[in-house]
Every structure is written in C-alpha cells, then in structure tokens.
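Colleague: What follows is a single structure, and I will ask about it in a moment.
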Amino acid sequence: KAGQKVEPETHNNVTIFFSDIVRFTDISRVLSPVKVCGMLDRLYLAFDALATKHDVFKVETIGDAWMGVTNLEDNQNDTHAKRIAMFAIDAVKAASKVLIDKDDPEAGYVHIRVGFHSGSVVSNVIGSLNPRYGLFGDTVNTASRMESLSLSDRIQCSDVAAKILVKQAPELPLRKRGKVAVKGKGNMVTFWVGENSAARMVPKSNAQPMVNFAAGDIVSPRPMPVENHGKRSAMNALPKHGLQALGFHVSKKHESKEELEPQPEEPPKPTQPAPRPVTTSEATHKAPRQITYRSRSLSQ
C-alpha cells in the first residue's frame, strides 16, 4: 500500500495443504451461481474455523480450491506436518456436512479431495494493483499434484511429508498407496493419511482402470477403494434426476427373474463329413487318357 517493494522471503521447512471439491464443474453447471457461492461460503467458513483451531495460515482460495500452510514463521518446526494432517482430517469431515444445495437436501453433501507436501518455498507480494501475497516453488506445485491425484474424501501426501509425519504424529495411521505418475515429477511414492490397512476394496469384477495421470492413458486395471466415511459417494450423493441432469446414465434394475437367467446357447453348427479315404485299387485305376489333335493347314 505504501508503494514500497517487498523483498521475497525463503521458508525452508513448511507443509502446504490443497483441497478442491469433487465434481465442482458438474455442480456449477446444475446450480445457479448464487447457490454455488452459497455452497462455497458455507464450506470456507467451516475451513476458516478449523484453520484457527489448528493454527494453519490460509494463503488463498481460487474457485473451489483452498490453500493453507504451516510453519511460515519457523515457530512450528516440530508440528507443521501434524497440524496440516489433523486439519485435513477435520476438513474432510466438515465438508461432508455441508449441503450442496440448502433448498434441496437430496442433492447431497460436499465431497473434497486433499493433498499436502512438505519442503521449502519463497513468499512474496506480487504486483502493485491489488497486490497478492503468494507462495512459490516446487513444493507448491508438488502439493497441488498431491491434491489433484487424490480421491474423493481422501487425503494423499508425498513420501517426504509422510516421513516427517511419522516423527511428529506416530499415532496417525498412514497407508502406502504406491507409485503414482506425477506430471513433471515422474513416479512418486505417496501415502493415504488417516486410513488403516482394513480399508474396503471393491470386488475385482468391478475393477476400474488405473490412470497414468501424466499422459491420461490407461495403464492397468486395478480395484479402486470404496469411500467409507459415513456419507454417500459424490456420485451417489445426488438423486437419480440429479445424476441425469449431470449427463450420467441411470440404469433400471431388473424387474423380473427371467431377465437375470442366462440365455441358452445356440447349438453348434454341423461340420462337413470327412472325405472318404481312397483305396489302393482306386488309386491304381486311371481314366483313359484323352488326346486332342490340332489340325494344321498345309500350304499348297
């Protein structure tokens, strides 16, 4: 405001949190802008209260994305990853209690995906017209990737953040997700936060393809975990008419037992009989040779 240049400041040991709303684009297409704003306001008021509780610094909100950080002032060196993890767990629970549409409870509740990463960043104020305070560096990009590659109602963290979290909060359950293809980073080992190894999995017959997030290609079919947090999934949170409005096909259940019974298979087509073997006498007997003569005219 005074017109003076703010010098960038380096922070060597922070943890950055990102979250966004699952199917926010579809929700924005169905709801009016006023109702979308109301939904975001209810959600962010809950997040702001949790940020105060866990001493998380709110950096900014962009659309449906909420960004926070800990240990900017080097006063949380022993708790910065733990504070973000506890904040993330509470944020998922809080979001699941926020109605998408207050006038239509059947539309369900908000579902978010969360990711965080630990490392160093640089803070600075950018611009002169409506100056913006922001964090910059690879740590910010990696934390954002952890969020975008997470799943509904789940918290994903990097291997770096997981190692710090084990020291700061050994009581928090961590479950290894495995290697995830991250754009610009290659394969990274990530962890689910706040989950134990007893998480339910869908049957193999209902396995969904694992996606190569860097290229958008299908890599291999693997069973995807079922969300089990006491609320319906983002897909089931909307009634049938809501799903149809979002462009999804809702199939009807079988109305009769006969439809579930397998249809009889068609009988196999008859095969051609094998050729009769030729006997020795038939092989030695030959038809009389026919000789064709061609006439030729003689010159006189």
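Within each chain, counting starts at residue 1; across the structure tokens, chains are named A, B, ... in the order shown, with ligands numbered 1 upward in that order.
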Name the residues of range 42-160 of chain A that come out as strand (DSSP E or B) in a backbone DSSP run; write them as a ChimeraX atom specification.
Modeller: /A:57-62,65-70,99,109,112-126,132-136,155-158
